[in-house]
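Source file: final_35.txt; contents: compact mmCIF, C-alpha atoms.
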```txt
# COMPACT_ATOMS: atom_id res chain seq x y z
CA MET J 1 0.00 0.00 0.00
CA SER J 2 1.51 3.32 -1.02
CA ILE J 3 1.68 6.39 1.19
CA ALA J 4 0.76 9.62 -0.52
CA ILE J 5 3.10 12.53 0.03
CA ALA J 6 2.79 16.04 -1.25
CA PRO J 7 5.73 17.12 -3.44
CA PRO J 8 7.20 20.60 -3.04
CA ARG J 9 5.45 23.39 -4.84
CA HIS J 10 6.19 23.84 -8.51
CA ALA J 11 5.84 26.92 -10.62
CA PRO J 12 3.22 26.79 -13.37
CA PRO J 13 4.57 26.57 -16.92
CA ALA J 14 6.05 29.85 -18.12
CA VAL J 15 3.29 31.87 -19.78
CA LEU J 16 2.91 35.37 -21.07
CA LEU J 17 2.25 37.40 -17.96
CA ARG J 18 2.49 41.08 -17.18
CA MET J 19 5.43 43.05 -18.58
CA PRO J 20 7.04 44.80 -15.59
CA ALA J 21 7.73 48.50 -16.05
CA ALA J 22 11.18 48.10 -14.49
CA PRO J 23 13.41 45.03 -14.83
CA LEU J 24 12.91 42.32 -12.25
CA VAL J 25 16.22 41.87 -10.42
CA VAL J 26 16.96 38.33 -9.25
CA HIS J 27 20.00 37.43 -7.15
CA VAL J 28 21.62 34.15 -8.20
CA GLY J 29 24.08 31.99 -6.27
CA LEU J 30 25.83 28.96 -7.74
CA VAL J 31 26.98 25.95 -5.71
CA GLY J 32 29.21 23.55 -7.62
CA PRO J 33 31.11 25.28 -10.45
CA GLY J 34 32.10 21.98 -12.07
CA LYS J 35 31.13 20.84 -15.55
CA VAL J 36 27.41 21.53 -15.19
CA GLY J 37 27.90 24.66 -13.10
CA SER J 38 30.42 26.11 -15.54
CA ALA J 39 28.10 25.36 -18.46
CA LEU J 40 25.29 27.13 -16.60
CA LEU J 41 27.44 30.22 -16.04
CA ALA J 42 28.31 30.30 -19.75
CA GLN J 43 24.64 30.03 -20.72
CA LEU J 44 23.64 32.76 -18.28
CA ARG J 45 26.38 35.02 -19.61
CA LEU J 46 25.21 34.60 -23.21
CA ALA J 47 21.52 35.01 -22.40
CA ALA J 48 21.75 37.91 -19.93
CA PRO J 49 21.56 40.78 -22.49
CA ARG J 50 18.59 39.22 -24.27
CA LEU J 51 16.75 38.50 -21.02
CA LEU J 52 17.21 42.08 -19.88
CA ARG J 53 16.18 43.54 -23.23
CA ASP J 54 13.28 41.28 -24.14
CA CYS J 55 12.00 39.99 -20.81
CA ARG J 56 13.03 42.78 -18.43
CA LEU J 57 14.78 40.17 -16.31
CA ASP J 58 18.04 41.22 -14.65
CA LEU J 59 19.89 38.15 -13.36
CA ARG J 60 22.73 39.12 -11.04
CA LEU J 61 25.26 36.51 -10.05
CA ARG J 62 26.08 37.26 -6.41
CA ALA J 63 28.18 34.32 -5.23
CA VAL J 64 29.84 31.05 -6.25
CA SER J 65 30.90 28.20 -3.97
CA ASP J 66 32.65 24.89 -4.40
CA SER J 67 33.17 22.31 -1.65
CA ARG J 68 35.99 24.25 0.01
CA HIS J 69 35.82 27.88 -1.06
CA MET J 70 33.27 30.55 -1.84
CA TRP J 71 33.40 33.86 -3.59
CA LEU J 72 30.86 36.25 -2.08
CA ASP J 73 31.59 39.51 -3.87
CA CYS J 74 31.34 38.58 -7.53
CA ASP J 75 28.07 40.50 -8.15
CA ASP J 76 27.62 40.37 -11.93
CA GLU J 77 31.31 40.23 -12.76
CA ALA J 78 31.46 36.57 -13.78
CA LEU J 79 28.07 36.72 -15.48
CA ASN J 80 29.16 39.56 -17.71
CA GLY J 81 32.67 38.25 -18.29
CA ARG J 82 34.46 41.15 -16.62
CA THR J 83 37.66 40.81 -14.65
CA HIS J 84 37.56 39.79 -11.01
CA GLY J 85 40.10 42.33 -9.82
CA ALA J 86 41.26 41.83 -6.26
CA GLN J 87 38.29 39.70 -5.23
CA THR J 88 39.34 36.53 -3.41
CA TRP J 89 38.02 33.11 -2.41
CA ARG J 90 37.12 32.44 1.22
CA PRO J 91 36.47 29.23 3.17
CA ALA J 92 33.07 27.82 2.22
CA GLU J 93 30.22 28.24 4.73
CA LEU J 94 26.90 27.42 3.11
CA ASP J 95 24.59 29.38 5.40
CA GLU J 96 26.74 32.49 5.09
CA PHE J 97 26.79 31.94 1.34
CA ALA J 98 22.98 31.74 1.14
CA ALA J 99 22.53 34.78 3.36
CA TYR J 100 24.82 36.82 1.13
CA VAL J 101 22.90 35.81 -2.00
CA ALA J 102 19.60 36.70 -0.34
CA GLY J 103 20.88 40.09 0.83
CA ASP J 104 18.35 42.12 2.82
CA GLY J 105 15.42 40.17 1.39
CA GLY J 106 14.24 42.97 -0.86
CA VAL J 107 15.30 41.11 -4.02
CA PRO J 108 14.25 37.54 -4.96
CA ALA J 109 17.07 35.04 -4.56
CA VAL J 110 17.66 31.73 -6.33
CA LEU J 111 20.35 29.20 -5.45
CA ALA J 112 21.45 26.88 -8.25
CA ASP J 113 22.91 23.74 -6.68
CA CYS J 114 24.96 22.00 -9.36
CA SER J 115 26.79 19.80 -6.88
CA ALA J 116 26.09 16.16 -6.11
CA SER J 117 26.41 16.74 -2.38
CA ASP J 118 24.25 15.51 0.49
CA ARG J 119 25.77 18.27 2.60
CA VAL J 120 24.25 20.88 0.29
CA ALA J 121 20.93 19.01 0.09
CA ASP J 122 20.75 19.12 3.89
CA ARG J 123 20.45 22.93 3.63
CA TYR J 124 17.48 22.99 1.27
CA ALA J 125 14.76 23.02 3.93
CA GLY J 126 16.37 25.96 5.72
CA TRP J 127 16.91 27.91 2.50
CA LEU J 128 13.36 27.35 1.31
CA ALA J 129 11.95 28.23 4.74
CA ALA J 130 13.83 31.53 4.47
CA GLY J 131 12.15 32.24 1.13
CA ILE J 132 15.16 31.39 -1.05
CA HIS J 133 14.27 29.50 -4.22
CA VAL J 134 16.34 26.46 -5.25
CA VAL J 135 16.94 24.97 -8.71
CA THR J 136 19.07 21.87 -9.02
CA PRO J 137 20.15 18.73 -10.89
CA ASN J 138 21.33 17.26 -7.56
CA LYS J 139 19.57 13.89 -7.33
CA ARG J 140 20.53 13.38 -3.70
CA ALA J 141 18.14 16.06 -2.49
CA VAL J 142 15.06 14.56 -4.13
CA SER J 143 15.91 10.85 -3.78
CA GLY J 144 17.61 10.97 -0.37
CA PRO J 145 16.14 10.15 3.05
CA LEU J 146 12.36 10.41 3.03
CA ASP J 147 12.20 12.46 6.23
CA ARG J 148 14.49 15.08 4.69
CA TRP J 149 12.35 15.17 1.55
CA LEU J 150 9.24 15.73 3.67
CA ARG J 151 10.96 18.59 5.51
CA ILE J 152 11.94 20.13 2.18
CA GLY J 153 8.36 19.90 0.93
CA ALA J 154 6.96 21.37 4.14
CA ALA J 155 9.41 24.28 4.04
CA ALA J 156 8.54 25.10 0.43
CA GLY J 157 4.83 24.86 1.14
CA ALA J 158 5.05 27.14 4.17
CA SER J 159 7.17 29.90 2.61
CA GLY J 160 6.03 29.78 -1.00
CA ALA J 161 9.64 29.44 -2.16
CA ARG J 162 10.03 27.23 -5.19
CA LEU J 163 12.10 24.10 -5.71
CA HIS J 164 12.66 22.87 -9.27
CA TYR J 165 14.71 19.82 -10.26
CA GLU J 166 14.03 19.04 -13.91
CA GLY J 167 17.73 18.27 -14.46
CA THR J 168 17.66 15.34 -12.01
CA VAL J 169 16.03 12.97 -14.53
CA GLY J 170 16.88 12.88 -18.22
CA ALA J 171 19.33 15.81 -18.15
CA GLY J 172 17.64 18.42 -20.37
CA LEU J 173 14.59 16.33 -21.31
CA PRO J 174 11.19 17.52 -20.02
CA VAL J 175 10.58 14.43 -17.89
CA VAL J 176 9.70 15.76 -14.43
CA HIS J 177 7.50 18.60 -15.66
CA THR J 178 5.72 16.31 -18.14
CA LEU J 179 4.78 14.04 -15.26
CA ARG J 180 3.86 17.04 -13.10
CA ASP J 181 1.57 18.41 -15.82
CA LEU J 182 -0.18 15.05 -16.16
CA LEU J 183 -0.80 14.84 -12.43
CA ASP J 184 -1.82 18.48 -12.03
CA THR J 185 -4.48 18.04 -14.72
CA GLY J 186 -6.02 15.08 -12.93
CA ASP J 187 -4.30 12.13 -14.59
CA GLU J 188 -3.10 9.15 -12.56
CA LEU J 189 0.26 7.43 -12.97
CA THR J 190 0.00 3.65 -13.22
CA GLY J 191 3.55 2.81 -14.26
CA VAL J 192 6.92 4.04 -15.46
CA GLU J 193 9.33 2.23 -17.76
CA GLY J 194 12.56 3.92 -18.66
CA MET J 195 16.10 3.94 -19.92
CA LEU J 196 17.39 6.55 -17.50
CA SER J 197 21.18 6.49 -17.97
CA GLY J 198 22.87 8.04 -20.97
CA THR J 199 26.03 6.12 -20.11
CA LEU J 200 24.33 2.73 -19.96
CA ALA J 201 22.29 3.54 -23.06
CA TRP J 202 25.51 4.19 -24.98
CA LEU J 203 27.09 0.98 -23.72
CA PHE J 204 24.16 -1.26 -24.63
CA ASN J 205 23.57 0.46 -27.95
CA ARG J 206 27.17 -0.41 -28.86
CA TYR J 207 27.44 -3.85 -27.27
CA ASP J 208 26.97 -6.45 -30.01
CA GLY J 209 29.78 -8.86 -29.16
CA THR J 210 32.25 -7.34 -31.63
CA LEU J 211 34.18 -5.86 -28.71
CA PRO J 212 34.27 -7.13 -25.13
CA PHE J 213 32.04 -5.17 -22.76
CA SER J 214 35.14 -4.08 -20.81
CA ALA J 215 36.57 -2.42 -23.93
CA LEU J 216 33.37 -0.40 -24.37
CA VAL J 217 33.49 0.69 -20.73
CA ARG J 218 37.04 1.91 -21.26
CA GLN J 219 35.95 3.79 -24.39
CA ALA J 220 33.02 5.40 -22.56
CA HIS J 221 35.35 6.39 -19.72
CA ALA J 222 37.86 7.94 -22.13
CA LEU J 223 35.07 9.88 -23.87
CA GLY J 224 33.85 11.27 -20.55
CA TYR J 225 30.49 9.47 -20.72
CA THR J 226 30.98 7.69 -17.40
CA GLU J 227 31.49 9.04 -13.91
CA PRO J 228 35.16 9.20 -12.82
CA ASP J 229 34.51 5.80 -11.23
CA PRO J 230 32.42 3.84 -13.79
CA ARG J 231 30.96 1.75 -10.99
CA ASP J 232 28.76 4.74 -10.16
CA ASP J 233 27.04 4.09 -13.51
CA LEU J 234 27.34 0.31 -13.67
CA SER J 235 25.95 -0.23 -10.17
CA GLY J 236 22.51 1.05 -11.22
CA VAL J 237 22.19 3.22 -8.10
CA ASP J 238 22.11 6.46 -10.09
CA VAL J 239 19.24 5.10 -12.20
CA ALA J 240 17.46 3.94 -9.05
CA ARG J 241 17.67 7.49 -7.67
CA LYS J 242 15.93 8.80 -10.80
CA LEU J 243 13.18 6.21 -10.41
CA VAL J 244 12.69 7.29 -6.79
CA ILE J 245 12.39 10.92 -7.93
CA LEU J 246 9.62 10.05 -10.41
CA ALA J 247 7.81 7.96 -7.80
CA ARG J 248 7.90 10.77 -5.25
CA GLU J 249 6.72 13.22 -7.88
CA ALA J 250 3.64 11.01 -8.18
CA GLY J 251 3.12 11.02 -4.42
CA ILE J 252 4.55 7.56 -3.75
CA ALA J 253 6.76 7.37 -0.67
CA LEU J 254 9.48 5.32 -2.32
CA SER J 255 13.02 5.21 -0.95
CA LEU J 256 16.25 4.02 -2.53
CA GLU J 257 16.28 0.87 -0.42
CA ASP J 258 12.86 -0.07 -1.85
CA VAL J 259 14.31 -0.44 -5.35
CA ALA J 260 15.51 -3.89 -6.45
CA ILE J 261 18.82 -3.11 -8.15
CA ARG J 262 20.62 -5.65 -10.33
CA GLY J 263 24.05 -4.12 -10.76
CA LEU J 264 26.65 -5.04 -13.37
CA VAL J 265 29.71 -4.99 -11.11
CA PRO J 266 30.89 -8.38 -9.77
CA ALA J 267 30.97 -8.54 -5.98
CA GLU J 268 34.75 -8.96 -5.91
CA LEU J 269 35.20 -5.59 -7.66
CA ASN J 270 32.90 -3.57 -5.42
CA ALA J 271 35.33 -3.15 -2.55
CA CYS J 272 38.55 -2.34 -4.42
CA ASP J 273 39.74 1.14 -5.33
CA ARG J 274 39.01 2.72 -8.70
CA GLU J 275 42.40 1.96 -10.20
CA ALA J 276 42.13 -1.74 -9.30
CA PHE J 277 38.62 -1.84 -10.73
CA MET J 278 39.76 -0.35 -14.05
CA GLU J 279 42.63 -2.84 -14.22
CA ASN J 280 40.24 -5.74 -13.75
CA LEU J 281 37.38 -4.67 -16.01
CA GLU J 282 37.66 -7.94 -17.92
CA ALA J 283 35.75 -9.57 -15.07
CA LEU J 284 32.64 -7.99 -16.62
CA ASP J 285 33.07 -9.77 -19.95
CA ALA J 286 31.91 -13.33 -19.25
CA PRO J 287 28.66 -12.36 -17.45
CA MET J 288 27.85 -9.79 -20.15
CA ALA J 289 28.58 -12.25 -22.96
CA ALA J 290 26.16 -14.71 -21.34
CA LEU J 291 23.46 -12.03 -21.20
CA LEU J 292 24.05 -11.15 -24.85
CA ALA J 293 23.73 -14.79 -25.87
CA GLU J 294 20.46 -15.02 -23.91
CA ALA J 295 19.12 -11.94 -25.69
CA ARG J 296 20.00 -13.30 -29.12
CA HIS J 297 18.44 -16.66 -28.32
CA ALA J 298 15.23 -14.85 -27.38
CA GLY J 299 15.36 -12.71 -30.53
CA GLY J 300 15.75 -9.47 -28.58
CA VAL J 301 18.33 -6.90 -27.50
CA LEU J 302 19.86 -5.94 -24.17
CA ARG J 303 18.84 -2.68 -22.51
CA HIS J 304 19.24 -1.26 -19.02
CA VAL J 305 15.70 -0.65 -17.80
CA ALA J 306 14.06 0.97 -14.78
CA ARG J 307 10.50 0.00 -13.87
CA LEU J 308 7.92 1.33 -11.44
CA ASP J 309 4.57 -0.37 -10.88
CA GLY J 310 2.89 0.94 -7.77
CA ARG J 311 5.53 0.53 -5.08
CA ARG J 312 7.34 -2.24 -6.96
CA ALA J 313 10.50 -0.73 -8.40
CA SER J 314 13.41 -2.40 -10.16
CA VAL J 315 16.53 -1.50 -12.12
CA GLY J 316 18.67 -3.81 -14.24
CA VAL J 317 19.54 -5.30 -17.62
CA GLU J 318 16.63 -6.83 -19.54
CA VAL J 319 15.99 -8.44 -22.90
CA VAL J 320 13.54 -6.31 -24.88
CA GLU J 321 11.82 -7.23 -28.13
CA PRO J 322 13.12 -5.72 -31.39
CA ASP J 323 9.95 -3.65 -31.86
CA HIS J 324 10.09 -2.16 -28.35
CA ALA J 325 10.70 1.60 -28.12
CA PHE J 326 13.90 0.95 -26.15
CA ALA J 327 15.36 -1.18 -28.93
CA HIS J 328 15.49 1.86 -31.24
CA ALA J 329 17.14 4.33 -28.86
CA ARG J 330 20.33 5.89 -30.18
CA LEU J 331 23.64 6.95 -28.66
CA THR J 332 23.02 8.36 -25.15
CA ASP J 333 19.24 8.58 -25.53
CA ASN J 334 17.09 8.41 -22.43
CA VAL J 335 13.58 7.06 -23.00
CA VAL J 336 10.79 7.36 -20.44
CA ARG J 337 7.37 5.76 -20.97
CA PHE J 338 4.58 7.01 -18.71
CA ALA J 339 1.53 4.75 -18.43
CA THR J 340 -1.40 6.69 -16.97
CA ARG J 341 -5.16 6.48 -16.77
CA ARG J 342 -5.36 8.61 -19.93
CA TYR J 343 -2.34 7.10 -21.69
CA CYS J 344 -3.34 3.50 -21.01
CA ASP J 345 -3.44 1.98 -24.49
CA ASN J 346 -0.34 3.77 -25.77
CA ALA J 347 2.14 5.11 -23.22
CA LEU J 348 3.40 8.70 -23.37
CA VAL J 349 7.06 8.63 -24.43
CA VAL J 350 9.73 11.26 -23.76
CA GLN J 351 12.99 10.57 -25.60
CA GLY J 352 16.23 12.36 -26.37
CA PRO J 353 19.86 12.86 -25.27
CA GLY J 354 20.03 12.11 -21.57
CA ALA J 355 23.59 13.05 -20.71
CA GLY J 356 25.97 15.98 -20.94
CA PRO J 357 26.73 19.16 -18.99
CA GLU J 358 25.26 21.50 -21.62
CA VAL J 359 21.80 19.94 -21.67
CA THR J 360 21.74 19.46 -17.90
CA ALA J 361 22.72 23.10 -17.37
CA ALA J 362 19.97 24.15 -19.78
CA ALA J 363 17.44 22.31 -17.61
CA VAL J 364 18.66 24.21 -14.54
CA PHE J 365 18.51 27.49 -16.48
CA ALA J 366 14.94 26.72 -17.59
CA ASP J 367 14.00 26.05 -13.97
CA LEU J 368 15.47 29.42 -12.99
CA LEU J 369 13.29 31.05 -15.66
CA ARG J 370 10.25 29.20 -14.29
CA VAL J 371 10.91 30.82 -10.93
CA ALA J 372 11.12 34.22 -12.62
CA GLY J 373 7.97 33.44 -14.60
CA ALA J 374 6.06 32.89 -11.37
CA MET J 375 7.11 36.42 -10.35
CA GLY J 376 5.56 37.95 -13.45
CA VAL J 377 8.36 37.96 -16.01
CA LYS J 378 7.02 37.39 -19.48
CA ARG J 379 8.32 34.61 -21.66
CA CYS J 380 10.81 35.82 -24.24
CA ALA J 381 9.90 35.28 -27.87
CA CYS J 382 13.10 33.96 -29.43
```

Output the file's structure in the form of structure tokens.
Amino acid sequence: MSIAIAPPRHAPPAVLLRMPAAPLVVHVGLVGPGKVGSALLAQLRLAAPRLLRDCRLDLRLRAVSDSRHMWLDCDDEALNGRTHGAQTWRPAELDEFAAYVAGDGGVPAVLADCSASDRVADRYAGWLAAGIHVVTPNKRAVSGPLDRWLRIGAAAGASGARLHYEGTVGAGLPVVHTLRDLLDTGDELTGVEGMLSGTLAWLFNRYDGTLPFSALVRQAHALGYTEPDPRDDLSGVDVARKLVILAREAGIALSLEDVAIRGLVPAELNACDREAFMENLEALDAPMAALLAEARHAGGVLRHVARLDGRRASVGVEVVEPDHAFAHARLTDNVVRFATRRYCDNALVVQGPGAGPEVTAAAVFADLLRVAGAMGVKRCAC
């Protein structure tokens, strides 16, 4: 029996609203200036003049923080590409960082968390309670401990501050908001079936026995498709987090430990360090060759699939039929099939590139604009 939980408040889709006489100033703080965070800063820098001219939206970057340092006096310097002068980094303190971004409270503030940190996710409830909006691709916040998620939702509901996390599932694909729109218009989710890892999609799209599976993992690692430690992809835990996020979006109190995960990493390679794992990747080859032979015998193909049916959730490699939507995915495509009361005979499918810092950053940027849209900024025609 599922337990219904109320997700944090979401902004309505961006629509043409009033055109403010003066630009709306929004303070922005960035946590995690890594690949996604840096891509977000580049996108903000390019879009800032157009947003100010066409939408009367003045985004002002106030602060940047990584895991050890923060820069509190950047104002719009980095956003506009100007020099940083004598400004310096300081030891990171997240509450001080958030307070600086918020200022005196007279200007709306949005924190973009592009980290993958539980320590940052622990601050969400406090930030939202203080009226600071949060946009993020950080899966740990939304798929982490259920009691923390409930506190986050309660804080957002009490203050009216907005939390958006489209980038947590499918990178830049409109997965979370598609589901949200279905639910908000009275539809009911009955099941989810998805290929939710761009890395694993690439691996299984390429794996036909011509090369050992270990060789493809090394290629994917060299191309930057995998995490620094490929076990983070191969374990299936990252995919399970995405499934938990979709379940919670539908009001199902699912936790990571409720998901049956069939990982690809042999037990003997789970405990060693990354270097030892990479040196012994060939241990993956025999089990994967057996799975490939099974798929060919059944007349199908191998895909890494996540499933949600009520509270039953699973993640792992499956044999799918040649005419299945997953069999025709390309490159790093993510594919999500929503079965609902309305879409019962033919599931609603969202498909497209599901990996990469540029598309993930674009999802965070779009969430930031949704926050601004809820404040009355009109959608830009471009």

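For the pair atom CA of Gly29 of chain J and atom CA of Leu111 of chain J, the separation is 4.7 Å.
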
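Residues in contact with segment 350-360 of chain J at 7 Å, where all atoms listed in the file are counted and same-chain residues fewer than 4 positions away are skipped, are listed as Lys35, Val36, Ala39, Gly167, Gly170, Ala171, Gly172, Leu173, Val175, Ser197, Gly198, Thr332, Asp333, Asn334, Val335, Val336, Arg337 and Val364 of chain J.
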
Dump of C-alpha atoms for the selected residues, as an mmCIF file, in the frame of the given file:
```cif
data_model
loop_
_atom_site.group_PDB
_atom_site.id
_atom_site.type_symbol
_atom_site.label_atom_id
_atom_site.label_comp_id
_atom_site.auth_asym_id
_atom_site.auth_seq_id
_atom_site.Cartn_x
_atom_site.Cartn_y
_atom_site.Cartn_z
ATOM 1 C CA LYS J 35 31.130 20.840 -15.550
ATOM 2 C CA VAL J 36 27.410 21.530 -15.190
ATOM 3 C CA ALA J 39 28.100 25.360 -18.460
ATOM 4 C CA GLY J 167 17.730 18.270 -14.460
ATOM 5 C CA GLY J 170 16.880 12.880 -18.220
ATOM 6 C CA ALA J 171 19.330 15.810 -18.150
ATOM 7 C CA GLY J 172 17.640 18.420 -20.370
ATOM 8 C CA LEU J 173 14.590 16.330 -21.310
ATOM 9 C CA VAL J 175 10.580 14.430 -17.890
ATOM 10 C CA SER J 197 21.180 6.490 -17.970
ATOM 11 C CA GLY J 198 22.870 8.040 -20.970
ATOM 12 C CA THR J 332 23.020 8.360 -25.150
ATOM 13 C CA ASP J 333 19.240 8.580 -25.530
ATOM 14 C CA ASN J 334 17.090 8.410 -22.430
ATOM 15 C CA VAL J 335 13.580 7.060 -23.000
ATOM 16 C CA VAL J 336 10.790 7.360 -20.440
ATOM 17 C CA ARG J 337 7.370 5.760 -20.970
ATOM 18 C CA VAL J 364 18.660 24.210 -14.540
#
```

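Using only C-alpha atoms, the contacts of Val31 of chain J at a cut-off of 10 Å, with sequence neighbours closer than 5 positions omitted, comprise Gly37, Ala63, Val64, Ser65, Asp66, Ser67, Met70, Leu94, Phe97, Ala98, Leu111, Ala112, Asp113, Cys114, Ser115, Ala116, Ser117, Val120 and Thr136 of chain J.
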
For the point (13.4, 17.2, 2.6) in the file's frame, write as JSON, numbers by chain all residues with an atom no more than 10 Å away, counting only C-alpha atoms.
{"J": [7, 8, 121, 122, 123, 124, 125, 126, 141, 142, 143, 144, 145, 146, 147, 148, 149, 150, 151, 152, 153, 154, 155, 156]}

Using C-alpha atoms, can you export the residues from the last selection as a PDB file, in the frame of the given file?
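This went into out05.pdb:
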```
ATOM      1  CA  PRO J   7       5.730  17.120  -3.440  1.00  0.00           C
ATOM      2  CA  PRO J   8       7.200  20.600  -3.040  1.00  0.00           C
ATOM      3  CA  ALA J 121      20.930  19.010   0.090  1.00  0.00           C
ATOM      4  CA  ASP J 122      20.750  19.120   3.890  1.00  0.00           C
ATOM      5  CA  ARG J 123      20.450  22.930   3.630  1.00  0.00           C
ATOM      6  CA  TYR J 124      17.480  22.990   1.270  1.00  0.00           C
ATOM      7  CA  ALA J 125      14.760  23.020   3.930  1.00  0.00           C
ATOM      8  CA  GLY J 126      16.370  25.960   5.720  1.00  0.00           C
ATOM      9  CA  ALA J 141      18.140  16.060  -2.490  1.00  0.00           C
ATOM     10  CA  VAL J 142      15.060  14.560  -4.130  1.00  0.00           C
ATOM     11  CA  SER J 143      15.910  10.850  -3.780  1.00  0.00           C
ATOM     12  CA  GLY J 144      17.610  10.970  -0.370  1.00  0.00           C
ATOM     13  CA  PRO J 145      16.140  10.150   3.050  1.00  0.00           C
ATOM     14  CA  LEU J 146      12.360  10.410   3.030  1.00  0.00           C
ATOM     15  CA  ASP J 147      12.200  12.460   6.230  1.00  0.00           C
ATOM     16  CA  ARG J 148      14.490  15.080   4.690  1.00  0.00           C
ATOM     17  CA  TRP J 149      12.350  15.170   1.550  1.00  0.00           C
ATOM     18  CA  LEU J 150       9.240  15.730   3.670  1.00  0.00           C
ATOM     19  CA  ARG J 151      10.960  18.590   5.510  1.00  0.00           C
ATOM     20  CA  ILE J 152      11.940  20.130   2.180  1.00  0.00           C
ATOM     21  CA  GLY J 153       8.360  19.900   0.930  1.00  0.00           C
ATOM     22  CA  ALA J 154       6.960  21.370   4.140  1.00  0.00           C
ATOM     23  CA  ALA J 155       9.410  24.280   4.040  1.00  0.00           C
ATOM     24  CA  ALA J 156       8.540  25.100   0.430  1.00  0.00           C
TER      25      ALA J 156
END
```

At a cut-off of 10 Å, using all atoms listed in the file, what residues contact Arg307 of chain J? Leave out same-chain residues fewer than 4 positions from it and give the result as number ranges by chain.
J: 191-195, 240, 243, 259-260, 312-316, 336-337

Between atom CA of Glu166 of chain J and atom CA of Asp367 of chain J lies a distance of 7.0 Å
